[in-house]
$ cat structure_24.txt   # compact mmCIF, C-alpha atoms
# COMPACT_ATOMS: atom_id res chain seq x y z
CA MET A 483 47.07 35.46 -60.65
CA ASN A 484 48.48 32.75 -58.35
CA THR A 485 51.40 33.80 -56.03
CA LEU A 486 53.71 31.88 -53.69
CA PRO A 487 53.51 32.54 -49.90
CA TYR A 488 56.27 34.87 -48.69
CA ASN A 489 58.36 32.20 -46.90
CA LYS A 490 58.30 29.88 -49.90
CA ASN A 491 59.13 32.72 -52.21
CA LYS A 492 62.12 33.74 -50.07
CA LEU A 493 63.42 30.16 -49.99
CA PHE A 494 63.03 29.92 -53.77
CA LEU A 495 65.09 33.08 -54.30
CA ILE A 496 67.92 31.81 -52.04
CA LEU A 497 68.12 28.46 -53.86
CA PHE A 498 67.99 30.18 -57.27
CA SER A 499 70.85 32.53 -56.28
CA VAL A 500 73.06 29.64 -55.16
CA LEU A 501 72.45 27.75 -58.39
CA LEU A 502 73.16 30.88 -60.41
CA LEU A 503 76.52 31.35 -58.68
CA PHE A 504 77.58 27.81 -59.46
CA ALA A 505 76.37 28.11 -63.03
CA CYS A 506 78.35 31.31 -63.59
CA GLU A 507 81.55 30.24 -61.89
CA LYS A 508 83.26 29.15 -65.14
CA ALA A 509 81.55 31.55 -67.50
CA THR A 510 84.14 34.32 -67.20
CA ASP A 511 86.00 33.24 -70.37
CA ILE A 512 83.00 32.63 -72.67
CA GLY A 513 83.60 34.33 -76.04
CA PHE A 514 87.08 35.57 -75.15
CA ASN A 515 88.57 33.27 -77.75
CA LEU A 516 86.56 35.30 -80.30
CA VAL A 517 87.39 38.83 -79.17
CA ASP A 518 90.76 38.17 -77.55
CA GLN A 519 89.59 39.70 -74.24
CA GLN A 520 89.12 43.12 -75.86
CA SER A 521 86.20 45.52 -75.51
CA VAL A 522 83.52 45.62 -78.22
CA GLU A 523 82.11 48.78 -79.81
CA THR A 524 79.17 49.08 -82.23
CA ILE A 525 79.43 51.94 -84.75
CA TYR A 526 77.12 53.48 -87.35
CA THR A 527 78.56 55.18 -90.42
CA GLU A 528 77.61 56.29 -93.93
CA LEU A 529 80.04 55.53 -96.74
CA PRO A 530 80.05 57.40 -100.06
CA VAL A 531 79.07 55.55 -103.22
CA GLU A 532 80.86 56.00 -106.53
CA ALA A 533 78.29 56.16 -109.32
CA SER A 534 78.38 56.27 -113.12
CA THR A 535 75.92 56.32 -116.00
CA ILE A 536 76.37 53.30 -118.25
CA VAL A 537 75.18 52.83 -121.82
CA GLY A 538 73.69 49.36 -121.81
CA LYS A 539 74.03 46.87 -124.63
CA ASP A 540 71.28 46.54 -127.23
CA LEU A 541 68.15 45.47 -125.40
CA PRO A 542 66.08 42.52 -126.72
CA THR A 543 62.48 43.69 -127.12
CA ASN A 544 60.98 40.84 -129.13
CA THR A 545 59.62 39.27 -125.93
CA SER A 546 57.75 42.43 -124.94
CA ILE A 547 54.22 42.04 -123.65
CA THR A 548 53.41 45.52 -124.96
CA LEU A 549 53.53 47.30 -128.29
CA LEU A 550 55.17 50.66 -127.51
CA CYS A 551 54.39 53.62 -129.76
CA GLY A 552 54.71 57.35 -129.24
CA GLN A 553 57.13 60.23 -128.79
CA TYR A 554 57.93 62.93 -126.26
CA ASN A 555 60.70 65.43 -125.53
CA ASP A 556 62.59 65.12 -122.25
CA ASN A 557 64.98 67.93 -121.27
CA ALA A 558 67.36 65.48 -119.58
CA PHE A 559 67.03 62.40 -121.82
CA GLY A 560 66.26 64.01 -125.18
CA LYS A 561 63.56 63.06 -127.70
CA VAL A 562 62.33 59.55 -126.92
CA THR A 563 60.61 57.75 -129.81
CA SER A 564 59.13 54.27 -129.99
CA ARG A 565 57.86 52.41 -133.04
CA THR A 566 56.39 48.94 -132.76
CA PHE A 567 56.79 46.26 -135.45
CA PHE A 568 54.50 43.23 -135.39
CA GLN A 569 52.79 40.47 -137.33
CA VAL A 570 49.13 39.53 -137.29
CA SER A 571 48.26 35.91 -137.89
CA PRO A 572 45.53 33.34 -137.24
CA ALA A 573 45.05 32.17 -133.69
CA PRO A 574 46.64 28.81 -132.76
CA SER A 575 43.32 27.10 -133.52
CA GLY A 576 43.39 28.52 -137.08
CA ILE A 577 40.84 30.47 -139.13
CA SER A 578 37.18 29.60 -138.63
CA LEU A 579 34.94 31.69 -140.87
CA THR A 580 31.29 30.72 -140.69
CA LYS A 581 30.17 29.09 -143.98
CA TYR A 582 26.74 29.43 -145.58
CA ASP A 583 25.21 28.63 -148.96
CA LYS A 584 25.89 32.08 -150.34
CA ASP A 585 29.16 33.94 -150.55
CA LEU A 586 30.43 35.84 -147.53
CA VAL A 587 30.26 39.61 -147.80
CA PHE A 588 33.02 41.79 -146.40
CA ASP A 589 31.80 44.62 -144.14
CA SER A 590 34.74 46.40 -142.52
CA LEU A 591 38.22 46.05 -141.07
CA SER A 592 39.76 47.59 -137.95
CA ILE A 593 42.59 47.05 -135.52
CA GLU A 594 42.28 47.37 -131.74
CA PHE A 595 45.01 48.15 -129.23
CA PRO A 596 44.14 47.66 -125.51
CA VAL A 597 46.10 50.00 -123.21
CA TYR A 598 48.65 48.36 -120.91
CA ASN A 599 50.76 51.34 -119.79
CA TYR A 600 51.76 54.86 -120.80
CA TYR A 601 54.50 57.37 -120.17
CA ALA A 602 54.67 61.19 -120.31
CA ASP A 603 51.87 63.61 -121.26
CA THR A 604 48.53 62.08 -122.27
CA THR A 605 46.72 65.45 -122.38
CA LYS A 606 48.15 66.29 -125.81
CA VAL A 607 46.92 65.12 -129.20
CA GLN A 608 49.24 62.63 -130.86
CA THR A 609 49.10 60.83 -134.19
CA PHE A 610 49.47 57.10 -134.83
CA ARG A 611 50.08 55.78 -138.34
CA LEU A 612 49.84 52.13 -139.34
CA HIS A 613 52.08 51.00 -142.23
CA ARG A 614 52.52 47.74 -144.05
CA LEU A 615 55.97 46.14 -143.82
CA THR A 616 57.87 45.51 -147.05
CA GLU A 617 60.49 43.48 -145.21
CA THR A 618 59.57 40.23 -143.47
CA LEU A 619 59.56 40.08 -139.69
CA ASP A 620 61.32 36.83 -138.79
CA GLU A 621 60.00 34.97 -135.74
CA SER A 622 63.38 33.31 -135.16
CA VAL A 623 65.33 36.60 -134.88
CA GLU A 624 66.02 38.27 -131.52
CA TYR A 625 65.21 41.89 -132.33
CA THR A 626 66.41 44.70 -130.07
CA ASN A 627 65.54 48.31 -129.33
CA LYS A 628 67.97 49.32 -132.11
CA ASN A 629 66.45 47.24 -134.93
CA THR A 630 64.16 48.45 -137.69
CA LEU A 631 62.46 47.00 -140.79
CA ALA A 632 61.53 48.59 -144.12
CA TYR A 633 57.89 49.60 -144.60
CA ASP A 634 55.66 51.29 -147.15
CA PRO A 635 55.81 55.06 -146.51
CA THR A 636 52.09 55.41 -147.22
CA PRO A 637 50.03 54.44 -144.15
CA ILE A 638 47.05 52.13 -144.49
CA THR A 639 45.34 54.13 -141.73
CA SER A 640 46.06 56.87 -139.20
CA LEU A 641 44.47 58.33 -136.10
CA SER A 642 45.03 61.57 -134.16
CA ILE A 643 43.84 61.31 -130.57
CA LYS A 644 44.63 62.33 -127.00
CA GLY A 645 46.24 59.62 -124.92
CA GLY A 646 43.85 60.43 -122.10
CA ARG A 647 40.92 59.46 -124.29
CA ILE A 648 42.60 56.14 -125.06
CA LEU A 649 43.03 55.54 -121.34
CA ALA A 650 39.39 56.38 -120.66
CA ASN A 651 38.16 53.96 -123.34
CA GLY A 652 40.59 51.24 -122.39
CA PHE A 653 41.72 50.70 -125.99
CA MET A 654 42.53 52.50 -129.25
CA ARG A 655 40.48 51.46 -132.29
CA MET A 656 41.72 52.30 -135.80
CA PRO A 657 39.40 51.61 -138.80
CA ILE A 658 41.34 50.50 -141.90
CA PRO A 659 39.89 51.88 -145.14
CA ASN A 660 42.79 50.79 -147.37
CA SER A 661 41.13 48.70 -150.12
CA VAL A 662 44.16 46.59 -151.11
CA PHE A 663 44.93 45.63 -147.54
CA LYS A 664 41.26 44.85 -146.82
CA THR A 665 41.03 42.63 -149.89
CA ASP A 666 44.21 40.75 -148.98
CA VAL A 667 43.04 40.09 -145.42
CA PHE A 668 39.54 39.01 -146.41
CA ASN A 669 40.80 36.66 -149.14
CA LEU A 670 43.23 35.05 -146.70
CA ALA A 671 40.38 34.55 -144.26
CA LYS A 672 37.91 33.18 -146.83
CA ASN A 673 40.46 30.67 -148.08
CA ASN A 674 41.29 29.43 -144.58
CA SER A 675 44.94 30.15 -145.31
CA SER A 676 47.65 28.58 -143.20
CA LYS A 677 49.75 30.72 -140.91
CA ALA A 678 52.69 30.44 -143.33
CA ASP A 679 50.58 31.64 -146.28
CA PHE A 680 49.09 34.36 -144.16
CA LEU A 681 52.53 35.72 -143.19
CA THR A 682 53.82 35.45 -146.74
CA THR A 683 51.10 37.81 -147.93
CA LEU A 684 51.11 40.03 -144.81
CA LYS A 685 54.76 40.39 -143.86
CA GLY A 686 53.81 42.54 -140.91
CA LEU A 687 52.78 46.00 -139.73
CA VAL A 688 54.43 48.91 -137.96
CA LEU A 689 52.73 51.54 -135.81
CA VAL A 690 54.65 54.82 -135.79
CA PRO A 691 54.14 58.26 -134.17
CA ASP A 692 54.16 61.54 -136.06
CA VAL A 693 57.63 63.08 -136.35
CA ASN A 694 56.39 66.28 -134.66
CA ASP A 695 54.60 64.65 -131.72
CA ASN A 696 55.55 65.65 -128.20
CA ALA A 697 53.10 63.77 -126.05
CA ALA A 698 53.43 60.24 -124.67
CA VAL A 699 54.59 56.71 -125.37
CA MET A 700 51.59 54.40 -125.16
CA GLY A 701 51.93 50.70 -124.40
CA PHE A 702 49.33 48.38 -125.96
CA GLU A 703 48.85 44.84 -124.74
CA ALA A 704 50.02 41.89 -126.82
CA SER A 705 49.81 38.17 -126.15
CA ASN A 706 51.33 35.02 -127.59
CA ASN A 707 48.22 33.13 -126.59
CA PRO A 708 44.99 35.11 -127.06
CA GLN A 709 42.96 32.06 -126.08
CA ILE A 710 43.89 32.61 -122.42
CA ALA A 711 44.48 36.39 -122.46
CA VAL A 712 41.54 38.68 -121.74
CA ASN A 713 43.01 41.63 -123.63
CA PHE A 714 45.31 41.56 -126.64
CA SER A 715 45.90 43.67 -129.73
CA ARG A 716 43.93 42.27 -132.63
CA LEU A 717 42.91 42.74 -136.25
CA MET A 718 39.12 42.49 -136.60
CA VAL A 719 37.44 41.38 -139.86
CA TYR A 720 33.70 42.08 -139.87
CA TYR A 721 31.62 40.18 -142.47
CA THR A 722 28.09 39.14 -143.29
CA ALA A 723 26.84 35.68 -144.20
CA PRO A 724 23.49 35.72 -146.11
CA GLN A 725 21.60 32.53 -145.30
CA THR A 726 19.05 31.25 -147.83
CA GLN A 727 15.75 30.22 -146.35
CA THR A 728 13.11 28.50 -148.55
CA GLY A 729 10.15 30.75 -149.17
CA ALA A 730 11.65 33.62 -147.18
CA PRO A 731 14.10 36.45 -147.85
CA ASP A 732 17.76 36.03 -146.97
CA LYS A 733 18.57 36.35 -143.27
CA LEU A 734 21.74 38.32 -142.60
CA ASN A 735 24.16 36.98 -139.99
CA ASN A 736 26.97 39.27 -138.87
CA PHE A 737 30.28 37.79 -137.75
CA VAL A 738 33.82 38.82 -136.86
CA GLN A 739 37.12 37.01 -137.41
CA THR A 740 40.03 37.97 -135.14
CA PHE A 741 43.73 37.85 -135.99
CA PHE A 742 46.14 38.30 -133.12
CA VAL A 743 49.61 39.82 -132.80
CA ASN A 744 52.29 37.21 -133.32
CA ALA A 745 56.03 38.06 -133.46
CA ARG A 746 56.87 41.70 -132.58
CA PHE A 747 59.49 44.06 -131.27
CA ASN A 748 59.80 47.68 -130.14
CA GLN A 749 62.33 50.05 -131.65
CA ILE A 750 63.13 52.65 -128.96
CA THR A 751 65.48 55.57 -129.64
CA SER A 752 66.64 58.64 -127.79
CA VAL A 753 68.12 61.69 -129.51
CA ARG A 754 69.94 63.61 -126.79
CA ASN A 755 69.91 67.38 -126.79
CA ALA A 756 73.25 69.05 -127.53
CA GLY A 757 74.99 70.34 -124.44
CA THR A 758 73.30 67.92 -122.06
CA PHE A 759 75.13 65.37 -119.94
CA LEU A 760 74.07 62.49 -122.20
CA ASP A 761 74.79 63.97 -125.62
CA ASP A 762 78.09 62.08 -125.92
CA MET A 763 76.86 58.75 -124.51
CA ASN A 764 76.57 56.52 -127.57
CA THR A 765 78.85 53.50 -127.18
CA PRO A 766 77.65 50.32 -125.41
CA LEU A 767 79.28 49.90 -121.97
CA GLN A 768 80.53 53.48 -122.06
CA ALA A 769 80.60 55.05 -118.58
CA LYS A 770 80.44 58.60 -117.26
CA LEU A 771 81.06 59.38 -113.60
CA ALA A 772 78.48 61.37 -111.69
CA SER A 773 81.19 63.96 -110.98
CA ALA A 774 81.23 64.70 -114.75
CA SER A 775 77.42 65.06 -114.85
CA ASN A 776 76.71 67.59 -112.11
CA ASN A 777 76.63 64.81 -109.50
CA ARG A 778 73.84 62.97 -111.28
CA VAL A 779 73.43 59.53 -112.80
CA PHE A 780 70.79 58.69 -115.44
CA VAL A 781 68.74 55.50 -115.78
CA GLN A 782 66.12 54.79 -118.46
CA ALA A 783 64.21 51.67 -119.47
CA GLY A 784 63.78 50.90 -123.16
CA VAL A 785 66.70 53.10 -124.22
CA ASN A 786 68.78 51.11 -121.69
CA TYR A 787 70.71 53.68 -119.71
CA LEU A 788 71.92 52.04 -116.49
CA ALA A 789 73.66 53.12 -113.30
CA LYS A 790 76.78 51.51 -111.90
CA LEU A 791 77.51 51.75 -108.17
CA SER A 792 80.68 50.79 -106.32
CA PHE A 793 82.02 51.22 -102.81
CA PRO A 794 85.72 52.23 -102.96
CA THR A 795 86.00 53.31 -99.30
CA LEU A 796 84.62 50.06 -97.89
CA GLN A 797 88.08 48.54 -97.52
CA ASN A 798 89.22 51.60 -95.54
CA LEU A 799 87.40 50.11 -92.57
CA ARG A 800 90.28 47.68 -92.26
CA ASN A 801 92.41 50.55 -90.99
CA GLN A 802 90.26 50.66 -87.86
CA GLY A 803 91.31 47.17 -86.83
CA THR A 804 89.18 44.07 -86.53
CA ILE A 805 85.53 44.71 -87.39
CA ALA A 806 82.42 42.75 -88.29
CA ILE A 807 79.68 44.22 -90.49
CA ASN A 808 76.32 43.71 -88.79
CA ARG A 809 74.01 45.49 -91.21
CA ALA A 810 74.40 47.24 -94.57
CA GLU A 811 71.74 49.29 -96.33
CA LEU A 812 72.02 51.00 -99.70
CA VAL A 813 69.85 54.10 -100.13
CA ILE A 814 69.44 55.35 -103.71
CA LYS A 815 68.04 58.88 -103.82
CA ILE A 816 66.13 60.45 -106.71
CA ALA A 817 66.84 64.07 -107.63
CA PRO A 818 64.10 66.36 -106.25
CA ASN A 819 61.55 67.50 -108.86
CA SER A 820 62.92 65.03 -111.42
CA ALA A 821 59.87 62.75 -111.08
CA ASP A 822 57.18 65.44 -111.14
CA VAL A 823 56.38 64.88 -114.83
CA TYR A 824 58.19 61.64 -115.68
CA SER A 825 57.57 58.93 -113.12
CA THR A 826 60.40 56.75 -111.85
CA PRO A 827 60.48 52.97 -112.39
CA ARG A 828 58.13 51.30 -109.93
CA ASN A 829 60.80 48.68 -109.30
CA ILE A 830 64.52 48.25 -109.81
CA VAL A 831 66.92 45.32 -109.60
CA LEU A 832 70.60 45.25 -108.69
CA ILE A 833 72.89 43.06 -110.80
CA GLN A 834 76.52 42.30 -110.04
CA SER A 835 78.96 43.82 -112.53
CA ASN A 836 82.56 43.43 -113.62
CA ALA A 837 85.27 46.01 -114.30
CA THR A 838 84.17 46.47 -117.93
CA ASN A 839 80.64 47.54 -116.91
CA GLU A 840 78.93 44.34 -118.02
CA SER A 841 76.09 42.80 -116.04
CA LEU A 842 77.15 39.35 -114.87
CA THR A 843 75.03 36.34 -115.77
CA PHE A 844 74.92 32.55 -115.55
CA THR A 845 73.08 29.85 -117.48
CA ASN A 846 70.62 27.87 -115.37
CA GLN A 847 69.63 24.22 -115.71
CA PHE A 848 67.04 25.08 -118.35
CA GLY A 849 69.58 26.86 -120.56
CA THR A 850 68.25 30.31 -119.68
CA VAL A 851 70.72 33.15 -119.17
CA VAL A 852 69.98 34.71 -115.77
CA PRO A 853 71.53 37.84 -114.20
CA ILE A 854 73.54 37.44 -111.00
CA TYR A 855 71.43 39.61 -108.73
CA ALA A 856 72.33 41.19 -105.42
CA PHE A 857 69.27 40.07 -103.48
CA PRO A 858 67.92 42.32 -100.74
CA GLN A 859 68.56 40.73 -97.35
CA GLY A 860 65.88 38.24 -96.38
CA SER A 861 64.14 38.36 -99.77
CA GLN A 862 63.58 35.67 -102.36
CA SER A 863 63.01 38.32 -105.04
CA PRO A 864 65.61 40.72 -106.51
CA VAL A 865 62.94 43.40 -107.04
CA VAL A 866 63.06 46.61 -104.97
CA SER A 867 60.07 48.97 -104.92
CA PHE A 868 60.21 52.77 -105.09
CA ASN A 869 59.32 54.75 -101.97
CA SER A 870 57.46 57.73 -103.42
CA ARG A 871 57.23 59.52 -100.08
CA ASP A 872 60.98 59.62 -99.47
CA LEU A 873 61.94 59.57 -103.19
CA GLU A 874 64.26 56.63 -102.72
CA TYR A 875 64.93 52.95 -103.11
CA ARG A 876 66.16 51.40 -99.85
CA ILE A 877 67.89 48.03 -100.16
CA PRO A 878 69.28 45.91 -97.28
CA LEU A 879 72.49 44.39 -98.68
CA THR A 880 74.26 42.95 -95.64
CA SER A 881 75.38 39.64 -97.16
CA TYR A 882 76.59 41.24 -100.40
CA ILE A 883 78.61 43.94 -98.59
CA GLN A 884 80.03 41.36 -96.17
CA SER A 885 81.20 39.28 -99.14
CA ILE A 886 82.99 42.27 -100.68
CA TYR A 887 84.64 43.27 -97.42
CA SER A 888 85.81 39.73 -96.70
CA GLY A 889 87.23 39.38 -100.22
CA SER A 890 85.08 36.37 -101.09
CA ASN A 891 83.30 38.35 -103.82
CA LEU A 892 85.52 40.00 -106.42
CA ASN A 893 82.57 41.62 -108.24
CA LYS A 894 82.64 44.88 -106.33
CA SER A 895 80.10 46.86 -108.38
CA LEU A 896 76.37 46.79 -108.96
CA ILE A 897 74.31 47.69 -112.01
CA VAL A 898 71.01 49.45 -111.26
CA ARG A 899 68.37 48.53 -113.84
CA PRO A 900 64.62 49.15 -113.99
CA GLY A 901 62.62 46.06 -113.12
CA VAL A 902 60.87 46.37 -116.50
CA THR A 903 63.03 47.25 -119.51
CA ALA A 904 61.62 46.01 -122.83
CA TRP A 905 58.06 47.34 -122.51
CA GLU A 906 58.52 50.59 -120.62
CA VAL A 907 60.45 53.87 -120.99
CA SER A 908 60.35 55.05 -117.36
CA ARG A 909 63.44 56.92 -116.19
CA MET A 910 65.11 58.35 -113.11
CA ILE A 911 67.91 60.72 -112.14
CA ILE A 912 69.99 59.58 -109.17
CA LEU A 913 71.77 62.09 -106.94
CA ASN A 914 75.33 61.19 -106.06
CA ASP A 915 78.17 63.39 -104.76
CA ASN A 916 80.64 60.57 -103.88
CA GLY A 917 81.08 61.88 -100.35
CA THR A 918 81.71 65.55 -101.16
CA ASN A 919 78.51 66.57 -99.32
CA ASN A 920 77.22 68.65 -102.21
CA PHE A 921 73.79 67.11 -101.69
CA PRO A 922 72.19 66.28 -98.36
CA TYR A 923 70.27 63.47 -100.08
CA SER A 924 73.07 61.79 -101.99
CA THR A 925 73.11 58.02 -102.47
CA LYS A 926 74.73 56.40 -99.43
CA LEU A 927 75.81 53.05 -98.04
CA ARG A 928 74.71 52.88 -94.40
CA LEU A 929 76.63 50.52 -92.14
CA PHE A 930 76.36 49.20 -88.62
CA TYR A 931 79.54 47.37 -87.66
CA THR A 932 81.18 45.96 -84.56
CA LYS A 933 84.72 47.04 -83.73
CA TYR A 934 86.97 44.97 -81.48
CA ASN A 935 89.42 47.24 -79.61
$ encode --input "structure_24.txt" --output "structure tokens"
Amino acid sequence: MNTLPYNKNKLFLILFSVLLLFACEKATDIGFNLVDQQSVETIYTELPVEASTIVGKDLPTNTSITLLCGQYNDNAFGKVTSRTFFQVSPAPSGISLTKYDKDLVFDSLSIEFPVYNYYADTTKVQTFRLHRLTETLDESVEYTNKNTLAYDPTPITSLSIKGGRILANGFMRMPIPNSVFKTDVFNLAKNNSSKADFLTTLKGLVLVPDVNDNAAVMGFEASNNPQIAVNFSRLMVYYTAPQTQTGAPDKLNNFVQTFFVNARFNQITSVRNAGTFLDDMNTPLQAKLASASNNRVFVQAGVNYLAKLSFPTLQNLRNQGTIAINRAELVIKIAPNSADVYSTPRNIVLIQSNATNESLTFTNQFGTVVPIYAFPQGSQSPVVSFNSRDLEYRIPLTSYIQSIYSGSNLNKSLIVRPGVTAWEVSRMIILNDNGTNNFPYSTKLRLFYTKYN
């Protein structure tokens, strides 16, 4: 390293000191117009959060990328059941059965469901039954988790299987022996029927669990465009085309025609156990404070239970004089042992809410209704991931809390919603004592703020 000789170094220090004195001569009043010549103090505090369980509005599920089917019993959330209603139709390119001189011969029919996700206990045997709809599934209707359609009570096929085996195989395959259904499908295929004719004859299907099942809800992959999707639920028609060859016996050529899942929706219900904290939660936008539920708040995808959080003591900081909020962090804690069997949502989002417990939205330039999120500080995404080690979601919310404190934002509450709602039934129980210190791990709003004395 190069160094200056001692005499030059000494001279440099003297000149630098003189310049520094001149530079600082008029700096004694810098910033005093901001703090009014008062001392500044930085303080850390934790504010209580008021929390409630909210019954969400009916949840659209017709855009789901999964077909949810199954049932399990949850001590906190009751019996959760999902049935999936869907159509099968020709691919966008249409039907393309291979043609030969002789008639095509039908071999077999089956339906395949690739696994996308699952929830609850896959070690138990559960039963899936496939029924034919007697009521048409309308592509133009926005179906929700509360909708249902009429179907023939006699299944066209059924399968009893452990969910773990489905996971190991990567898909569930159900052969369809029903002769009437097989004949209808094969005739539609042989005649190169249009999509409209196809859906007139086959109004749709529904996959339902057994009424006594207590196992898991399985999610099977669906796609609106099977030509670009690797995996998608499909109806498979296996057939043989005998080809005549002069002077030789017929040569058999085996083929398969695939029909993909078109319009669909998931019906997801929860029958709460009597005497539990949720047994009287039935009306959309109904709220129940955590203090009325043993200091707990309940959130569940699919069924659409939400949490509402507000910060009633935030304005009390005004009593301390002039302050500036430097950093705000919301920490949402999960009840210990509540995620041992039923995993929490991998992600959540926070949406601004009004006094009537509705999630606030706006319509963007494309005509899409979009929630008004509370974005984590410094993030372009509203999604917050679960910290499985600390059993919490930690969200920096400085700008949002500043806007509430300053009065520029009148929407003083947040809705906590799973990041995925229509194709998942994950749930969580949030601890919240609203500042009564009943729980050492209650949900808190952590603040760093500057106080001007």
$ residues_around --input "structure_24.txt" --residues "region 598-610 of chain A" --least-positions-apart "6" --cutoff "10 Å" --atoms "only C-alpha atoms" --output "PyMOL selection string"
chain A and resi 547-556+565+637+639-649+652-653+656+689-704+713-714+823-825+905-909
$ closest_residue --input "structure_24.txt" --among "A:Leu670, A:Leu832, A:Gln797, A:Ala904" --to "Asn544 (chain A)" --atoms "all atoms listed in the file"
A:Ala904
$ closest_residue --input "structure_24.txt" --among "A:Gln569, A:Asn651, A:Thr845, A:Ser715" --to "Val688 (chain A)" --atoms "all atoms listed in the file"
A:Gln569
$ residues_around --input "structure_24.txt" --residues "Ile750 (chain A)" --least-positions-apart "5" --cutoff "9 Å" --atoms "all atoms listed in the file" --output "list in words"
Leu550, Cys551, Val562, Thr563, Ser564, Arg565, Thr566, Thr626, Asn627, Lys628, Asn629, Gly784, Val785 and Val907 of chain A
$ residues_around --input "structure_24.txt" --residues "Phe742 (chain A)" --least-positions-apart "2" --cutoff "9 Å" --atoms "all atoms listed in the file" --output "ChimeraX atom specification"
/A:569-573,704-708,714-718,740,744
$ atom_distance --input "structure_24.txt" --atom1 "CA of Ser881 (chain A)" --atom2 "CA of Gly917 (chain A)"
23.2 Å
$ closest_residue --input "structure_24.txt" --among "A:Arg778, A:Arg871, A:Arg899, A:Lys677" --to "Ser575 (chain A)" --atoms "only C-alpha atoms"
A:Lys677
$ atom_distance --input "structure_24.txt" --atom1 "CA of Arg614 (chain A)" --atom2 "CA of Tyr633 (chain A)"
5.7 Å
$ atom_distance --input "structure_24.txt" --atom1 "CA of Ser752 (chain A)" --atom2 "CA of Val831 (chain A)"
22.5 Å
$ decode --input "structure_24.txt" --residues "region 862-903 of chain A" --atoms "C-alpha atoms" --output "mmCIF file, in the first residue's frame"
data_model
loop_
_atom_site.group_PDB
_atom_site.id
_atom_site.type_symbol
_atom_site.label_atom_id
_atom_site.label_comp_id
_atom_site.auth_asym_id
_atom_site.auth_seq_id
_atom_site.Cartn_x
_atom_site.Cartn_y
_atom_site.Cartn_z
ATOM 1 C CA GLN A 862 -43.899 -6.364 -6.659
ATOM 2 C CA SER A 863 -45.970 -9.393 -5.606
ATOM 3 C CA PRO A 864 -48.738 -9.511 -2.962
ATOM 4 C CA VAL A 865 -47.860 -13.116 -2.091
ATOM 5 C CA VAL A 866 -46.355 -13.912 1.328
ATOM 6 C CA SER A 867 -44.803 -17.327 1.998
ATOM 7 C CA PHE A 868 -45.213 -19.396 5.163
ATOM 8 C CA ASN A 869 -42.221 -19.780 7.469
ATOM 9 C CA SER A 870 -42.570 -23.383 8.635
ATOM 10 C CA ARG A 871 -39.735 -23.090 11.155
ATOM 11 C CA ASP A 872 -41.285 -20.215 13.097
ATOM 12 C CA LEU A 873 -44.912 -21.112 12.221
ATOM 13 C CA GLU A 874 -45.641 -17.624 10.961
ATOM 14 C CA TYR A 875 -46.139 -15.281 8.054
ATOM 15 C CA ARG A 876 -44.014 -12.139 8.417
ATOM 16 C CA ILE A 877 -45.039 -9.181 6.270
ATOM 17 C CA PRO A 878 -43.287 -5.775 6.093
ATOM 18 C CA LEU A 879 -46.131 -3.252 5.771
ATOM 19 C CA THR A 880 -44.487 0.121 6.379
ATOM 20 C CA SER A 881 -46.200 2.089 3.606
ATOM 21 C CA TYR A 882 -49.646 0.670 4.376
ATOM 22 C CA ILE A 883 -49.375 1.402 8.124
ATOM 23 C CA GLN A 884 -48.000 4.880 7.412
ATOM 24 C CA SER A 885 -51.017 5.578 5.199
ATOM 25 C CA ILE A 886 -53.432 4.539 7.955
ATOM 26 C CA TYR A 887 -51.655 6.572 10.616
ATOM 27 C CA SER A 888 -51.514 9.670 8.425
ATOM 28 C CA GLY A 889 -55.220 9.363 7.572
ATOM 29 C CA SER A 890 -54.614 9.120 3.829
ATOM 30 C CA ASN A 891 -56.027 5.572 3.765
ATOM 31 C CA LEU A 892 -59.495 5.126 5.236
ATOM 32 C CA ASN A 893 -59.488 1.338 4.667
ATOM 33 C CA LYS A 894 -58.099 0.404 8.057
ATOM 34 C CA SER A 895 -58.530 -3.381 7.891
ATOM 35 C CA LEU A 896 -56.971 -6.247 5.994
ATOM 36 C CA ILE A 897 -58.445 -9.534 4.805
ATOM 37 C CA VAL A 898 -56.102 -12.528 5.069
ATOM 38 C CA ARG A 899 -56.770 -15.017 2.273
ATOM 39 C CA PRO A 900 -54.875 -18.098 1.080
ATOM 40 C CA GLY A 901 -52.901 -17.444 -2.078
ATOM 41 C CA VAL A 902 -54.790 -20.324 -3.728
ATOM 42 C CA THR A 903 -58.535 -20.564 -3.067
#
